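**Q** This is protein.pdb (PDB, C-alpha atoms and all ligand atoms).
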MODEL        1
ATOM      1  CA  MET Z   1     -16.783 -33.659 -56.500
ATOM      2  CA  ASN Z   2     -13.501 -34.351 -58.268
ATOM      3  CA  THR Z   3     -14.797 -34.967 -61.740
ATOM      4  CA  THR Z   4     -12.265 -36.696 -63.940
ATOM      5  CA  ASP Z   5     -14.424 -37.733 -66.903
ATOM      6  CA  TYR Z   6     -15.905 -34.504 -68.233
ATOM      7  CA  SER Z   7     -17.761 -36.266 -71.026
ATOM      8  CA  LYS Z   8     -20.047 -38.070 -68.545
ATOM      9  CA  ALA Z   9     -20.206 -35.814 -65.475
ATOM     10  CA  GLN Z  10     -23.360 -33.945 -64.505
ATOM     11  CA  GLY Z  11     -23.303 -30.391 -65.881
ATOM     12  CA  HIS Z  12     -23.186 -28.637 -62.499
ATOM     13  CA  TRP Z  13     -20.111 -30.605 -61.436
ATOM     14  CA  VAL Z  14     -18.328 -29.788 -64.721
ATOM     15  CA  LEU Z  15     -19.025 -26.100 -64.058
ATOM     16  CA  ALA Z  16     -17.959 -26.431 -60.420
ATOM     17  CA  GLN Z  17     -14.678 -28.043 -61.519
ATOM     18  CA  MET Z  18     -14.062 -25.048 -63.786
ATOM     19  CA  GLY Z  19     -14.382 -22.823 -60.709
ATOM     20  CA  LYS Z  20     -18.016 -21.752 -61.064
ATOM     21  CA  LYS Z  21     -19.564 -21.151 -57.656
ATOM     22  CA  VAL Z  22     -23.059 -19.960 -58.545
ATOM     23  CA  LEU Z  23     -24.873 -22.963 -59.966
ATOM     24  CA  ARG Z  24     -28.516 -21.973 -59.921
ATOM     25  CA  PRO Z  25     -30.612 -20.736 -62.854
ATOM     26  CA  GLY Z  26     -31.501 -17.259 -61.598
ATOM     27  CA  GLY Z  27     -27.969 -16.423 -60.443
ATOM     28  CA  LYS Z  28     -26.822 -14.537 -57.397
ATOM     29  CA  GLU Z  29     -29.499 -11.892 -57.913
ATOM     30  CA  LEU Z  30     -32.416 -14.303 -57.455
ATOM     31  CA  THR Z  31     -30.628 -16.053 -54.566
ATOM     32  CA  HIS Z  32     -30.320 -12.716 -52.732
ATOM     33  CA  GLN Z  33     -34.020 -12.081 -53.326
ATOM     34  CA  LEU Z  34     -34.840 -15.537 -51.957
ATOM     35  CA  VAL Z  35     -32.805 -14.974 -48.783
ATOM     36  CA  ARG Z  36     -34.245 -11.461 -48.312
ATOM     37  CA  SER Z  37     -37.782 -12.808 -48.689
ATOM     38  CA  LEU Z  38     -37.155 -15.407 -45.975
ATOM     39  CA  GLU Z  39     -36.445 -12.563 -43.484
ATOM     40  CA  ILE Z  40     -34.145 -14.768 -41.399
ATOM     41  CA  THR Z  41     -33.892 -13.726 -37.766
ATOM     42  CA  THR Z  42     -31.638 -14.807 -34.899
ATOM     43  CA  LYS Z  43     -34.524 -16.913 -33.529
ATOM     44  CA  ASP Z  44     -34.903 -18.981 -36.698
ATOM     45  CA  HIS Z  45     -34.100 -22.660 -37.091
ATOM     46  CA  ILE Z  46     -33.156 -23.129 -40.743
ATOM     47  CA  ALA Z  47     -32.718 -26.146 -43.002
ATOM     48  CA  GLU Z  48     -31.233 -26.033 -46.486
ATOM     49  CA  PHE Z  49     -31.767 -28.846 -48.955
ATOM     50  CA  ALA Z  50     -28.813 -29.476 -51.310
ATOM     51  CA  PRO Z  51     -26.383 -26.754 -50.177
ATOM     52  CA  GLY Z  52     -23.931 -27.910 -52.875
ATOM     53  CA  LEU Z  53     -20.890 -25.630 -52.616
ATOM     54  CA  GLY Z  54     -22.389 -23.557 -49.788
ATOM     55  CA  PHE Z  55     -22.890 -20.325 -51.708
ATOM     56  CA  THR Z  56     -26.344 -19.603 -50.273
ATOM     57  CA  ALA Z  57     -25.468 -21.075 -46.868
ATOM     58  CA  SER Z  58     -22.817 -18.354 -46.491
ATOM     59  CA  ILE Z  59     -25.360 -15.652 -47.357
ATOM     60  CA  ALA Z  60     -28.092 -17.057 -45.088
ATOM     61  CA  LEU Z  61     -25.666 -17.447 -42.169
ATOM     62  CA  LYS Z  62     -24.881 -13.707 -42.278
ATOM     63  CA  SER Z  63     -28.296 -13.261 -40.636
ATOM     64  CA  THR Z  64     -27.033 -15.483 -37.751
ATOM     65  CA  PRO Z  65     -30.054 -17.806 -37.444
ATOM     66  CA  PHE Z  66     -30.390 -19.743 -34.179
ATOM     67  CA  SER Z  67     -29.473 -22.940 -36.024
ATOM     68  CA  TYR Z  68     -28.692 -24.074 -39.560
ATOM     69  CA  VAL Z  69     -28.561 -27.562 -41.040
ATOM     70  CA  GLY Z  70     -27.649 -28.318 -44.651
ATOM     71  CA  ILE Z  71     -28.534 -31.698 -46.146
ATOM     72  CA  ASP Z  72     -26.874 -32.846 -49.355
ATOM     73  CA  SER Z  73     -26.796 -36.314 -50.883
ATOM     74  CA  ASN Z  74     -23.268 -35.846 -52.184
ATOM     75  CA  GLU Z  75     -20.728 -37.113 -49.689
ATOM     76  CA  ALA Z  76     -17.842 -35.068 -51.159
ATOM     77  CA  ALA Z  77     -19.961 -31.898 -51.039
ATOM     78  CA  ILE Z  78     -20.674 -32.497 -47.341
ATOM     79  CA  ARG Z  79     -16.971 -33.069 -46.605
ATOM     80  CA  TYR Z  80     -16.128 -29.816 -48.421
ATOM     81  CA  LEU Z  81     -18.890 -27.858 -46.646
ATOM     82  CA  LYS Z  82     -17.862 -29.082 -43.189
ATOM     83  CA  GLN Z  83     -14.394 -27.634 -43.798
ATOM     84  CA  LYS Z  84     -15.533 -24.439 -45.487
ATOM     85  CA  ILE Z  85     -18.354 -23.327 -43.205
ATOM     86  CA  THR Z  86     -18.229 -23.737 -39.464
ATOM     87  CA  GLY Z  87     -20.051 -22.115 -36.599
ATOM     88  CA  GLU Z  88     -22.105 -22.668 -33.506
ATOM     89  CA  ASN Z  89     -25.320 -24.576 -34.306
ATOM     90  CA  VAL Z  90     -24.199 -25.020 -37.923
ATOM     91  CA  GLU Z  91     -24.112 -28.551 -39.284
ATOM     92  CA  PHE Z  92     -23.996 -30.373 -42.600
ATOM     93  CA  LEU Z  93     -25.452 -33.852 -42.989
ATOM     94  CA  GLU Z  94     -25.199 -36.320 -45.827
ATOM     95  CA  GLY Z  95     -28.727 -37.410 -46.663
ATOM     96  CA  ASN Z  96     -31.727 -37.339 -48.912
ATOM     97  CA  ALA Z  97     -33.944 -34.270 -48.783
ATOM     98  CA  ALA Z  98     -36.946 -36.532 -49.375
ATOM     99  CA  ALA Z  99     -36.319 -38.375 -46.086
ATOM    100  CA  THR Z 100     -34.279 -36.324 -43.630
ATOM    101  CA  SER Z 101     -33.844 -37.423 -40.054
ATOM    102  CA  LEU Z 102     -34.974 -33.992 -38.842
ATOM    103  CA  ILE Z 103     -37.702 -33.673 -36.217
ATOM    104  CA  SER Z 104     -41.219 -32.785 -37.420
ATOM    105  CA  ALA Z 105     -42.295 -29.148 -37.009
ATOM    106  CA  SER Z 106     -38.811 -28.127 -35.873
ATOM    107  CA  LYS Z 107     -37.845 -25.547 -38.532
ATOM    108  CA  ASP Z 108     -38.941 -21.970 -39.148
ATOM    109  CA  LYS Z 109     -37.524 -21.752 -42.651
ATOM    110  CA  VAL Z 110     -36.495 -24.328 -45.228
ATOM    111  CA  TYR Z 111     -35.065 -23.631 -48.662
ATOM    112  CA  GLY Z 112     -33.437 -25.395 -51.582
ATOM    113  CA  GLU Z 113     -32.118 -24.255 -54.947
ATOM    114  CA  ALA Z 114     -31.545 -26.020 -58.267
ATOM    115  CA  MET Z 115     -32.440 -29.393 -56.815
ATOM    116  CA  LEU Z 116     -36.150 -30.125 -57.329
ATOM    117  CA  THR Z 117     -35.710 -29.605 -61.088
ATOM    118  CA  MET Z 118     -33.266 -32.529 -61.113
ATOM    119  CA  HIS Z 119     -35.959 -34.949 -59.922
ATOM    120  CA  ALA Z 120     -39.011 -36.641 -61.428
ATOM    121  CA  ASP Z 121     -42.323 -35.075 -60.412
ATOM    122  CA  HIS Z 122     -43.218 -37.763 -57.811
ATOM    123  CA  ARG Z 123     -39.793 -37.260 -56.186
ATOM    124  CA  LYS Z 124     -40.253 -33.465 -56.253
ATOM    125  CA  SER Z 125     -43.479 -34.002 -54.285
ATOM    126  CA  GLU Z 126     -41.715 -36.238 -51.748
ATOM    127  CA  ILE Z 127     -39.105 -33.528 -51.124
ATOM    128  CA  ILE Z 128     -41.775 -30.814 -50.810
ATOM    129  CA  LYS Z 129     -43.725 -33.075 -48.426
ATOM    130  CA  GLU Z 130     -40.577 -33.455 -46.314
ATOM    131  CA  ALA Z 131     -40.091 -29.669 -46.196
ATOM    132  CA  HIS Z 132     -43.708 -29.419 -45.031
ATOM    133  CA  ARG Z 133     -43.173 -32.089 -42.345
ATOM    134  CA  ILE Z 134     -40.111 -30.452 -40.772
ATOM    135  CA  LEU Z 135     -41.547 -26.911 -40.887
ATOM    136  CA  LYS Z 136     -43.510 -25.370 -38.044
ATOM    137  CA  LYS Z 137     -46.977 -24.117 -38.950
ATOM    138  CA  GLY Z 138     -46.573 -20.698 -40.577
ATOM    139  CA  GLY Z 139     -42.981 -21.560 -41.499
ATOM    140  CA  LEU Z 140     -41.612 -20.630 -44.907
ATOM    141  CA  TYR Z 141     -40.325 -22.862 -47.689
ATOM    142  CA  ALA Z 142     -38.411 -21.208 -50.536
ATOM    143  CA  ILE Z 143     -37.408 -22.782 -53.821
ATOM    144  CA  HIS Z 144     -35.256 -21.466 -56.692
ATOM    145  CA  GLU Z 145     -35.695 -23.633 -59.753
ATOM    146  CA  LEU Z 146     -35.784 -23.817 -63.513
ATOM    147  CA  GLY Z 147     -39.064 -22.666 -65.006
ATOM    148  CA  LEU Z 148     -40.880 -23.133 -68.291
ATOM    149  CA  THR Z 149     -42.849 -20.375 -69.871
ATOM    150  CA  PRO Z 150     -45.627 -19.673 -70.747
ATOM    151  CA  ASP Z 151     -47.975 -21.721 -68.556
ATOM    152  CA  HIS Z 152     -49.742 -23.114 -71.609
ATOM    153  CA  LEU Z 153     -46.505 -24.366 -73.249
ATOM    154  CA  GLY Z 154     -47.307 -27.433 -75.338
ATOM    155  CA  GLU Z 155     -46.403 -30.906 -74.059
ATOM    156  CA  ASP Z 156     -44.435 -31.571 -77.265
ATOM    157  CA  ILE Z 157     -42.143 -28.563 -76.678
ATOM    158  CA  LYS Z 158     -41.733 -29.521 -73.002
ATOM    159  CA  ALA Z 159     -40.645 -33.010 -74.059
ATOM    160  CA  ILE Z 160     -38.064 -31.608 -76.517
ATOM    161  CA  ILE Z 161     -36.649 -29.246 -73.871
ATOM    162  CA  GLN Z 162     -36.387 -32.095 -71.346
ATOM    163  CA  LYS Z 163     -34.643 -34.358 -73.842
ATOM    164  CA  ASP Z 164     -32.173 -31.649 -74.912
ATOM    165  CA  LEU Z 165     -31.429 -30.761 -71.275
ATOM    166  CA  ALA Z 166     -30.869 -34.409 -70.355
ATOM    167  CA  LEU Z 167     -28.353 -34.773 -73.190
ATOM    168  CA  ALA Z 168     -26.565 -31.514 -72.404
ATOM    169  CA  ILE Z 169     -26.363 -31.606 -68.604
ATOM    170  CA  LYS Z 170     -26.534 -35.400 -68.128
ATOM    171  CA  VAL Z 171     -29.299 -35.032 -65.569
ATOM    172  CA  ASN Z 172     -32.945 -35.884 -66.233
ATOM    173  CA  ALA Z 173     -33.950 -32.326 -65.491
ATOM    174  CA  ARG Z 174     -37.675 -31.658 -65.430
ATOM    175  CA  PRO Z 175     -38.342 -27.923 -65.276
ATOM    176  CA  LEU Z 176     -41.981 -26.919 -64.751
ATOM    177  CA  THR Z 177     -44.166 -23.966 -65.625
ATOM    178  CA  GLU Z 178     -45.000 -21.461 -62.895
ATOM    179  CA  ALA Z 179     -48.515 -22.924 -62.645
ATOM    180  CA  GLU Z 180     -47.081 -26.451 -62.257
ATOM    181  CA  TRP Z 181     -44.574 -25.424 -59.535
ATOM    182  CA  THR Z 182     -47.349 -23.596 -57.720
ATOM    183  CA  THR Z 183     -49.691 -26.590 -57.907
ATOM    184  CA  LEU Z 184     -47.020 -28.981 -56.584
ATOM    185  CA  LEU Z 185     -46.494 -26.763 -53.546
ATOM    186  CA  GLU Z 186     -50.200 -26.198 -52.948
ATOM    187  CA  ASN Z 187     -50.879 -29.954 -53.213
ATOM    188  CA  GLU Z 188     -48.554 -30.553 -50.255
ATOM    189  CA  GLY Z 189     -50.207 -27.957 -48.010
ATOM    190  CA  PHE Z 190     -48.407 -24.720 -48.855
ATOM    191  CA  LYS Z 191     -49.837 -21.290 -49.609
ATOM    192  CA  ILE Z 192     -47.895 -19.220 -52.150
ATOM    193  CA  ARG Z 193     -46.653 -15.975 -50.594
ATOM    194  CA  LYS Z 194     -44.421 -14.570 -53.342
ATOM    195  CA  ILE Z 195     -43.030 -15.399 -56.776
ATOM    196  CA  GLU Z 196     -39.926 -13.845 -58.313
ATOM    197  CA  ARG Z 197     -38.426 -14.504 -61.726
ATOM    198  CA  ASN Z 198     -35.239 -13.967 -63.664
ATOM    199  CA  ALA Z 199     -33.887 -14.931 -67.075
ATOM    200  CA  MET Z 200     -32.129 -18.297 -67.298
ATOM    201  CA  HIS Z 201     -28.712 -16.828 -68.201
ATOM    202  CA  LEU Z 202     -26.475 -19.219 -66.245
ATOM    203  CA  LEU Z 203     -23.810 -19.313 -68.967
ATOM    204  CA  GLU Z 204     -24.215 -15.852 -70.486
ATOM    205  CA  PRO Z 205     -20.974 -13.829 -70.054
ATOM    206  CA  SER Z 206     -22.677 -10.850 -68.373
ATOM    207  CA  ARG Z 207     -24.378 -13.144 -65.810
ATOM    208  CA  VAL Z 208     -21.143 -15.083 -65.197
ATOM    209  CA  ILE Z 209     -19.319 -11.799 -64.435
ATOM    210  CA  ASP Z 210     -22.190 -10.631 -62.259
ATOM    211  CA  ASP Z 211     -22.330 -13.938 -60.347
ATOM    212  CA  GLU Z 212     -18.630 -14.686 -60.036
ATOM    213  CA  GLY Z 213     -16.905 -11.299 -60.191
ATOM    214  CA  ILE Z 214     -14.513 -10.348 -62.982
ATOM    215  CA  LEU Z 215     -11.442 -12.151 -61.553
ATOM    216  CA  ASN Z 216     -13.155 -15.478 -61.005
ATOM    217  CA  ALA Z 217     -14.930 -15.132 -64.359
ATOM    218  CA  LEU Z 218     -11.512 -14.753 -66.052
ATOM    219  CA  LYS Z 219     -10.193 -17.747 -64.116
ATOM    220  CA  ILE Z 220     -13.216 -19.831 -65.204
ATOM    221  CA  GLY Z 221     -12.675 -18.659 -68.806
ATOM    222  CA  TRP Z 222      -9.037 -19.749 -68.657
ATOM    223  CA  ASN Z 223      -9.933 -23.149 -67.144
ATOM    224  CA  VAL Z 224     -12.512 -23.726 -69.885
ATOM    225  CA  LEU Z 225     -10.091 -22.663 -72.635
ATOM    226  CA  THR Z 226      -7.410 -25.045 -71.425
ATOM    227  CA  ASN Z 227      -9.662 -28.063 -70.960
ATOM    228  CA  THR Z 228     -10.920 -29.471 -74.247
ATOM    229  CA  GLU Z 229     -13.393 -32.013 -72.834
ATOM    230  CA  ALA Z 230     -14.965 -29.592 -70.354
ATOM    231  CA  ARG Z 231     -15.114 -26.911 -73.064
ATOM    232  CA  LYS Z 232     -17.075 -29.245 -75.384
ATOM    233  CA  ARG Z 233     -19.581 -29.940 -72.623
ATOM    234  CA  ILE Z 234     -19.991 -26.291 -71.659
ATOM    235  CA  ILE Z 235     -20.399 -25.124 -75.275
ATOM    236  CA  ASN Z 236     -23.093 -27.759 -75.720
ATOM    237  CA  MET Z 237     -24.878 -26.729 -72.491
ATOM    238  CA  ARG Z 238     -24.807 -23.071 -73.535
ATOM    239  CA  LYS Z 239     -26.133 -23.921 -77.012
ATOM    240  CA  THR Z 240     -29.013 -25.867 -75.451
ATOM    241  CA  PHE Z 241     -29.862 -23.065 -73.019
ATOM    242  CA  LYS Z 242     -29.801 -20.543 -75.890
ATOM    243  CA  LYS Z 243     -31.939 -22.760 -78.127
ATOM    244  CA  HIS Z 244     -34.684 -22.875 -75.506
ATOM    245  CA  GLN Z 245     -34.155 -19.501 -73.840
ATOM    246  CA  GLN Z 246     -37.511 -18.222 -74.996
ATOM    247  CA  HIS Z 247     -39.234 -21.014 -73.016
ATOM    248  CA  MET Z 248     -36.996 -21.247 -69.964
ATOM    249  CA  ASN Z 249     -36.640 -18.950 -66.981
ATOM    250  CA  ALA Z 250     -35.630 -19.050 -63.337
ATOM    251  CA  ILE Z 251     -38.225 -18.898 -60.611
ATOM    252  CA  VAL Z 252     -38.207 -18.323 -56.866
ATOM    253  CA  ILE Z 253     -41.329 -19.210 -54.909
ATOM    254  CA  ILE Z 254     -41.813 -18.406 -51.250
ATOM    255  CA  ALA Z 255     -44.518 -20.603 -49.737
ATOM    256  CA  GLU Z 256     -46.010 -20.801 -46.253
ATOM    257  CA  LYS Z 257     -46.998 -23.954 -44.379
ATOM    258  CA  ILE Z 258     -50.682 -23.562 -43.602
TER     259      ILE Z 258
HETATM  260  C1  LIG A 301     -27.245 -28.299 -59.129
HETATM  261  S1  LIG A 301     -26.570 -28.538 -57.542
HETATM  262  C2  LIG A 301     -27.333 -27.219 -56.673
HETATM  263  C3  LIG A 301     -26.575 -26.935 -55.463
HETATM  264  C4  LIG A 301     -26.920 -25.631 -54.754
HETATM  265  N1  LIG A 301     -28.260 -25.662 -54.182
HETATM  266  C5  LIG A 301     -26.772 -24.471 -55.685
HETATM  267  O1  LIG A 301     -27.789 -23.920 -56.112
HETATM  268  O2  LIG A 301     -25.636 -24.131 -55.996
HETATM  269  C6  LIG A 301     -27.399 -29.918 -57.022
HETATM  270  C7  LIG A 301     -27.064 -30.392 -55.611
HETATM  271  O3  LIG A 301     -28.205 -31.046 -55.149
HETATM  272  C8  LIG A 301     -27.822 -32.181 -54.409
HETATM  273  N2  LIG A 301     -29.009 -33.038 -54.368
HETATM  274  C9  LIG A 301     -29.725 -33.475 -55.427
HETATM  275  N3  LIG A 301     -30.766 -34.209 -55.014
HETATM  276  C10 LIG A 301     -30.726 -34.241 -53.660
HETATM  277  C11 LIG A 301     -31.544 -34.828 -52.668
HETATM  278  N4  LIG A 301     -32.630 -35.551 -52.976
HETATM  279  N5  LIG A 301     -31.219 -34.636 -51.384
HETATM  280  C12 LIG A 301     -30.135 -33.897 -51.044
HETATM  281  N6  LIG A 301     -29.325 -33.327 -51.945
HETATM  282  C13 LIG A 301     -29.606 -33.480 -53.235
HETATM  283  C14 LIG A 301     -26.618 -32.694 -55.152
HETATM  284  O4  LIG A 301     -25.832 -33.547 -54.373
HETATM  285  C15 LIG A 301     -25.921 -31.386 -55.494
HETATM  286  O5  LIG A 301     -25.067 -30.989 -54.464
ENDMDL
END
What does this structure look like when you write it as structure tokens?
Ligand SMILES: C[S@@+](CC[C@H](N)C(=O)[O-])C[C@H]1O[C@@H](n2cnc3c(N)ncnc32)[C@H](O)[C@@H]1O

**A**
Amino acid sequence: MNTTDYSKAQGHWVLAQMGKKVLRPGGKELTHQLVRSLEITTKDHIAEFAPGLGFTASIALKSTPFSYVGIDSNEAAIRYLKQKITGENVEFLEGNAAATSLISASKDKVYGEAMLTMHADHRKSEIIKEAHRILKKGGLYAIHELGLTPDHLGEDIKAIIQKDLALAIKVNARPLTEAEWTTLLENEGFKIRKIERNAMHLLEPSRVIDDEGILNALKIGWNVLTNTEARKRIINMRKTFKKHQQHMNAIVIIAEKI
């Protein structure tokens, strides 16, 4: 996670290096809604795909589930998480969410944020299929991802947004419309239970203060001001988000394995 070349690093790692902890499109607010909707109990076996810096893991673990496993493909993230978050029946594994080593039908709740968007559609489906495999029947899968709006957005505009995002965040991000996210989940055997939305204001000052708190927001501001390369990247990301703000949002979907 120690990014040295800010001109090439993926956007979320540049932000993380600047001290940003909340790295998902709908912010802390939508994350709290996601966790609340999962209604985690002390009997639940939970899996999180792509825990990243462990922000949501810390919130979910407050409900003391029976077990928690976080799977992230980034080795440094896993090392960091193992030090930061410990507990009985809590583990972090380096791995691919599309092919975990977890036992079939062993989890009550699975969730992942800001990770499906980063993958091509066929890979999104593989990850959703894996969530379905490890969930018990009736188990819940929650996602928090980047959305496109409205549902009938033209393919030409979608292509421009994807290209601009790829250039700005250095990830081939493929956000989808609400109808497309819903269809992907339904195609893999899920029934949609709930959808929640928020504005995509990841880099808007009011959201940054809300997500990070005033002190950390000031610290992030200082880090950005004193780092020319990172500042260039972040200004460009913010410009891109603003340019397309009318067509981008953040979406949480709670789906049930049927
Ligand atoms: C944008 S961050 C989101 C992290 C966290 N969920 C959050 O919202 O703050 C992306 C994370 O997803 C992880 N990731 C991406 N694809 C993955 C995959 N197929 N399996 C496991 N982790 C993955 C990356 O290593 C990184 O930690």

**Q** If the PyMOL selection byres (((chain Z and resi 255) around 6) and not hetatm) is run on the structure shown, which residues does it catch, given as a VMD selection string?

**A** chain Z and resid 140 to 141 190 to 193 254 256

**Q** Pull C-alpha atoms from the residues just selected and write them as a compact mmCIF listing (two decimals), in the frame of the given file.

**A**
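For reference, again.txt as written:
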# COMPACT_ATOMS: atom_id res chain seq x y z
CA LEU Z 140 -41.61 -20.63 -44.91
CA TYR Z 141 -40.33 -22.86 -47.69
CA PHE Z 190 -48.41 -24.72 -48.86
CA LYS Z 191 -49.84 -21.29 -49.61
CA ILE Z 192 -47.90 -19.22 -52.15
CA ARG Z 193 -46.65 -15.98 -50.59
CA ILE Z 254 -41.81 -18.41 -51.25
CA GLU Z 256 -46.01 -20.80 -46.25

**Q** From the list Z:Met18, Z:Met200, Z:Ala98, Z:Ile59, which residue is nearest Asn227 (chain Z) when using only C-alpha atoms?

**A**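 Using only C-alpha atoms, the shortest distance to Asn227 (chain Z) belongs to Z:Met18.
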
**Q** The centre and edge lengths of an axis-aligned box containing all atoms of ligand LIG 301 (chain A) present in the file, extended by 3 Å on each side, are to be given in Å to one decimal, as lines of an AutoDock Vina configuration file.

**A**
center_x = -28.8
center_y = -29.7
center_z = -55.1
size_x = 13.6
size_y = 17.6
size_z = 14.1

**Q** What does the distance from CA of Gly54 (chain Z) to CA of Asn249 (chain Z) come to in Å, to one decimal?

**A**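 CA of Asn249 (chain Z) lies at a distance of 22.8 Å from CA of Gly54 (chain Z).
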
**Q** I'd like to know which of Z:Lys84, Z:Lys107, Z:Lys124, Z:Lys243 is closest to ligand LIG 301 (chain A), using only C-alpha atoms and all ligand atoms.

**A**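 For ligand LIG 301 (chain A), the nearest of the given residues is Z:Lys124.
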
**Q** Would you name the residues within 7 Å of ligand LIG 301 (chain A), counting all atoms listed in the file, and put them as a list in words?

**A**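 Taking all atoms listed in the file into account, the residues around ligand LIG 301 (chain A) at most 7 Å away are His12, Lys21, Val22, Leu23, Arg24, Phe49, Ala50, Pro51, Gly52, Leu53, Phe55, Ile71, Asp72, Ser73, Asn74, Ala77, Gly95, Asn96, Ala97, Ala98, Gly112, Glu113, Ala114, Met115 and Met118 of chain Z.
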
**Q** Could you save those same residues with C-alpha atoms as a short mmCIF file (atom, residue, chain, number, x, y, z; two decimals), in the frame of the given file?

**A**
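This went into part_10.cif:
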data_model
loop_
_atom_site.label_atom_id
_atom_site.label_comp_id
_atom_site.auth_asym_id
_atom_site.auth_seq_id
_atom_site.Cartn_x
_atom_site.Cartn_y
_atom_site.Cartn_z
CA HIS Z 12 -23.19 -28.64 -62.50
CA LYS Z 21 -19.56 -21.15 -57.66
CA VAL Z 22 -23.06 -19.96 -58.54
CA LEU Z 23 -24.87 -22.96 -59.97
CA ARG Z 24 -28.52 -21.97 -59.92
CA PHE Z 49 -31.77 -28.85 -48.96
CA ALA Z 50 -28.81 -29.48 -51.31
CA PRO Z 51 -26.38 -26.75 -50.18
CA GLY Z 52 -23.93 -27.91 -52.88
CA LEU Z 53 -20.89 -25.63 -52.62
CA PHE Z 55 -22.89 -20.32 -51.71
CA ILE Z 71 -28.53 -31.70 -46.15
CA ASP Z 72 -26.87 -32.85 -49.36
CA SER Z 73 -26.80 -36.31 -50.88
CA ASN Z 74 -23.27 -35.85 -52.18
CA ALA Z 77 -19.96 -31.90 -51.04
CA GLY Z 95 -28.73 -37.41 -46.66
CA ASN Z 96 -31.73 -37.34 -48.91
CA ALA Z 97 -33.94 -34.27 -48.78
CA ALA Z 98 -36.95 -36.53 -49.38
CA GLY Z 112 -33.44 -25.40 -51.58
CA GLU Z 113 -32.12 -24.26 -54.95
CA ALA Z 114 -31.54 -26.02 -58.27
CA MET Z 115 -32.44 -29.39 -56.82
CA MET Z 118 -33.27 -32.53 -61.11
#

**Q** I need the residue set behind the PyMOL selection byres (((chain Z and resi 205-222) around 12) and not hetatm) for this file; please write it as number ranges by chain.

**A** Z: 14-32, 55, 198-204, 223-228, 230-231, 234-235, 238

**Q** Choose the residue, out of Z:Arg133, Z:His247, Z:Tyr68, Z:Glu88, that has the smallest atom-to-atom separation from Gly154 (chain Z); count all atoms listed in the file.

**A**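 Smallest separation from Gly154 (chain Z) among the options: Z:His247.
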
**Q** What does the structure give for the distance between CA of Leu146 (chain Z) and CA of Lys170 (chain Z), in Å to one decimal?

**A** 15.5 Å

**Q** Calculate how many Å separate CA of Arg233 (chain Z) from CA of Ala76 (chain Z), rounding to one decimal.

**A**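 Computing the Euclidean distance for CA of Arg233 (chain Z) and CA of Ala76 (chain Z) yields 22.1 Å.
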
**Q** Might you spell out which residues the PyMOL selection byres (((chain Z and resi 138) around 9) and not hetatm) would select in the displayed file, as a list in words?

**A**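 On the file shown, the PyMOL selection byres (((chain Z and resi 138) around 9) and not hetatm) covers Asp108, Leu135, Lys136, Lys137, Gly139, Leu140, Glu256, Lys257 and Ile258 of chain Z.
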
**Q** For a cut-off of 9 Å around (-40.0, -30.9, -39.9), file coordinates, pick out all residues using only C-alpha atoms and list them as a ChimeraX atom specification.

**A** /Z:100-107,130-136

**Q** Restricting the calculation to all atoms listed in the file, which member of Z:Asn187, Z:Ala168, Z:Lys62, Z:Pro175 is positioned closest to Met237 (chain Z)?

**A**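 For Met237 (chain Z), the nearest of the given residues is Z:Ala168.
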
**Q** Fewer than 4 positions away in the same chain doesn't count, so skip those; otherwise give me all residues within 12 Å of Lys158 (chain Z), counting all atoms listed in the file, as an NGL selection string.

**A** :Z and (147-154 or 162-165 or 173-177 or 244 or 247-248)

**Q** Name the closest residue to His119 (chain Z) among the candidates Z:Glu94, Z:Gly70, Z:Glu39, Z:Asn172; distances are taken between atoms, counting all atoms listed in the file.

**A** Z:Asn172

**Q** Using only C-alpha atoms, which residue out of Z:Val35, Z:Leu185, Z:Ala47, Z:Val171 lies closest to Glu126 (chain Z)?

**A**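 The closest residue to Glu126 (chain Z) is Z:Leu185.
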
**Q** Would you mind listing what lies within 12 Å of Gly87 (chain Z) as a ChimeraX atom specification, with only C-alpha atoms counted and same-chain residues fewer than 5 positions away left out?

**A** /Z:57-58,61-62,64-69,81-82,92
